[in-house]
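Student: The following block contains the structure, expressed as structure tokens.
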Amino acid sequence: MNKGLNKGLNPWDNRKEMRHGFQTIWLAIIGCHHCCDPVGSNLAWESIDKLYENHTVATIVTYAYPKEIENAMKRFPGNVIASLDETLCAKMLVGKRAEAAITDPNVMLYSAKKLGITNIKILKKDLPKKALVIALRNDGANKQRIEFLNKILMEN
């Protein structure tokens, strides 16, 4: 079974930021993605476009990436490997299916550690940032959560 991991698949083409029936809560923090690669790979690039042009890059299907990264994915879809989560990204990196992954570095290292993978490094190269959003189903069960989160965010 493929599990949605398709080289060249560009799931971002038809993705909407928010589905009907969900309530958006904007967070006052910035999403920080980093490039991860296996130790010893010596991965280097001058720009996001060059990264995607010259390397296979695993990305998380459910993440909303900054425009610069999403545009590079669209320009070089043959080098995009869609992944469901960081656990699969870590496996792709050590299995040499992907040369790099752009994801949350803390989640990547946590997922790799759970798998016993210790040879993934975080490249400290600045990548574009994007405001994070939480989406909750707009129904009675989440009404109090939405009100609570909005109240806390307005106070801070």
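Simple scheme: letters A, B, ... for chains in structure tokens order, numbers from 1 for residues in each chain, numbers from 1 for ligands in the order shown.
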What's around region 88-94 of chain A at 9 Å? Count only C-alpha atoms, leave out sequence neighbours fewer than 3 positions away in its own chain, and write the answer as a PDB file with N, CA and C atoms, in the first residue's frame.
Tutor:
```pdb
ATOM      1  N   LEU A   5       2.433   8.366  -0.185  1.00  0.00           N
ATOM      2  CA  LEU A   5       3.801   8.843  -0.310  1.00  0.00           C
ATOM      3  C   LEU A   5       4.214   8.743  -1.766  1.00  0.00           C
ATOM      4  N   CYS A  36      15.962  19.304   7.372  1.00  0.00           N
ATOM      5  CA  CYS A  36      16.612  18.208   8.081  1.00  0.00           C
ATOM      6  C   CYS A  36      17.245  17.292   7.045  1.00  0.00           C
ATOM      7  N   ASP A  37      18.379  16.721   7.376  1.00  0.00           N
ATOM      8  CA  ASP A  37      18.997  15.756   6.480  1.00  0.00           C
ATOM      9  C   ASP A  37      19.829  14.780   7.294  1.00  0.00           C
ATOM     10  N   PRO A  38      20.211  13.652   6.689  1.00  0.00           N
ATOM     11  CA  PRO A  38      21.022  12.680   7.418  1.00  0.00           C
ATOM     12  C   PRO A  38      22.415  13.226   7.719  1.00  0.00           C
ATOM     13  N   ALA A  58      11.331  15.722   1.226  1.00  0.00           N
ATOM     14  CA  ALA A  58      10.109  15.233   1.853  1.00  0.00           C
ATOM     15  C   ALA A  58       9.411  16.398   2.553  1.00  0.00           C
ATOM     16  N   THR A  59       8.113  16.473   2.374  1.00  0.00           N
ATOM     17  CA  THR A  59       7.308  17.516   3.013  1.00  0.00           C
ATOM     18  C   THR A  59       6.041  16.885   3.580  1.00  0.00           C
ATOM     19  N   ILE A  60       5.489  17.517   4.584  1.00  0.00           N
ATOM     20  CA  ILE A  60       4.304  16.990   5.261  1.00  0.00           C
ATOM     21  C   ILE A  60       3.055  17.513   4.561  1.00  0.00           C
ATOM     22  N   ALA A  82       5.697  13.618  -0.895  1.00  0.00           N
ATOM     23  CA  ALA A  82       4.661  13.915   0.095  1.00  0.00           C
ATOM     24  C   ALA A  82       4.676  12.858   1.191  1.00  0.00           C
ATOM     25  N   SER A  83       4.637  13.321   2.431  1.00  0.00           N
ATOM     26  CA  SER A  83       4.635  12.422   3.579  1.00  0.00           C
ATOM     27  C   SER A  83       3.466  12.767   4.488  1.00  0.00           C
ATOM     28  N   LEU A  84       2.989  11.778   5.189  1.00  0.00           N
ATOM     29  CA  LEU A  84       1.885  12.000   6.111  1.00  0.00           C
ATOM     30  C   LEU A  84       2.335  12.602   7.432  1.00  0.00           C
ATOM     31  N   ASP A  85       3.580  12.315   7.843  1.00  0.00           N
ATOM     32  CA  ASP A  85       4.070  12.820   9.127  1.00  0.00           C
ATOM     33  C   ASP A  85       5.588  12.742   9.205  1.00  0.00           C
ATOM     34  N   ARG A  97      15.422   7.673   0.543  1.00  0.00           N
ATOM     35  CA  ARG A  97      14.359   7.952  -0.417  1.00  0.00           C
ATOM     36  C   ARG A  97      14.234   9.455  -0.634  1.00  0.00           C
ATOM     37  N   ALA A  98      14.561  10.223   0.408  1.00  0.00           N
ATOM     38  CA  ALA A  98      14.584  11.686   0.333  1.00  0.00           C
ATOM     39  C   ALA A  98      15.945  12.160   0.820  1.00  0.00           C
ATOM     40  N   GLU A  99      16.426  13.246   0.206  1.00  0.00           N
ATOM     41  CA  GLU A  99      17.716  13.810   0.619  1.00  0.00           C
ATOM     42  C   GLU A  99      17.552  14.833   1.736  1.00  0.00           C
ATOM     43  N   ALA A 100      16.355  15.401   1.837  1.00  0.00           N
ATOM     44  CA  ALA A 100      16.084  16.419   2.857  1.00  0.00           C
ATOM     45  C   ALA A 100      14.606  16.372   3.194  1.00  0.00           C
ATOM     46  N   ALA A 101      14.261  17.008   4.296  1.00  0.00           N
ATOM     47  CA  ALA A 101      12.860  17.167   4.693  1.00  0.00           C
ATOM     48  C   ALA A 101      12.699  18.569   5.260  1.00  0.00           C
ATOM     49  N   THR A 103      10.414  20.524   7.680  1.00  0.00           N
ATOM     50  CA  THR A 103       9.409  20.247   8.697  1.00  0.00           C
ATOM     51  C   THR A 103       9.785  20.943  10.001  1.00  0.00           C
ATOM     52  N   MET A 108      10.455  16.493  14.209  1.00  0.00           N
ATOM     53  CA  MET A 108      11.298  15.556  13.462  1.00  0.00           C
ATOM     54  C   MET A 108      12.244  14.805  14.388  1.00  0.00           C
ATOM     55  N   LEU A 109      12.951  15.535  15.244  1.00  0.00           N
ATOM     56  CA  LEU A 109      13.903  14.878  16.141  1.00  0.00           C
ATOM     57  C   LEU A 109      13.201  13.974  17.146  1.00  0.00           C
ATOM     58  N   SER A 111      10.307  12.388  16.648  1.00  0.00           N
ATOM     59  CA  SER A 111       9.850  11.213  15.903  1.00  0.00           C
ATOM     60  C   SER A 111      11.011  10.280  15.580  1.00  0.00           C
ATOM     61  N   ALA A 112      12.134  10.844  15.184  1.00  0.00           N
ATOM     62  CA  ALA A 112      13.312  10.033  14.876  1.00  0.00           C
ATOM     63  C   ALA A 112      13.800   9.296  16.121  1.00  0.00           C
ATOM     64  N   LEU A 115      11.956   6.242  16.948  1.00  0.00           N
ATOM     65  CA  LEU A 115      12.290   5.145  16.035  1.00  0.00           C
ATOM     66  C   LEU A 115      13.707   4.612  16.264  1.00  0.00           C
ATOM     67  N   ILE A 117      16.339   6.439  15.583  1.00  0.00           N
ATOM     68  CA  ILE A 117      17.168   7.066  14.547  1.00  0.00           C
ATOM     69  C   ILE A 117      17.899   8.245  15.181  1.00  0.00           C
ATOM     70  N   ASN A 119      20.774   9.732  13.477  1.00  0.00           N
ATOM     71  CA  ASN A 119      21.665  10.379  12.511  1.00  0.00           C
ATOM     72  C   ASN A 119      20.948  11.380  11.611  1.00  0.00           C
ATOM     73  N   ILE A 120      19.957  12.080  12.156  1.00  0.00           N
ATOM     74  CA  ILE A 120      19.312  13.171  11.422  1.00  0.00           C
ATOM     75  C   ILE A 120      19.751  14.474  12.071  1.00  0.00           C
TER      76      ILE A 120
END
```
Student: Between A:Gly78, A:Ile122, A:Thr87, A:Tyr65, which one has atoms that come closest to Tyr110 (chain A), using only C-alpha atoms?
Tutor: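 Smallest separation from Tyr110 (chain A) among the options: A:Thr87.
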Student: Measure the distance from CA of Lys114 (chain A) to CA of Trp45 (chain A) in Å and round it to one decimal.
Tutor: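 Taking CA of Lys114 (chain A) as the start and CA of Trp45 (chain A) as the end point, the length is 29.1 Å.
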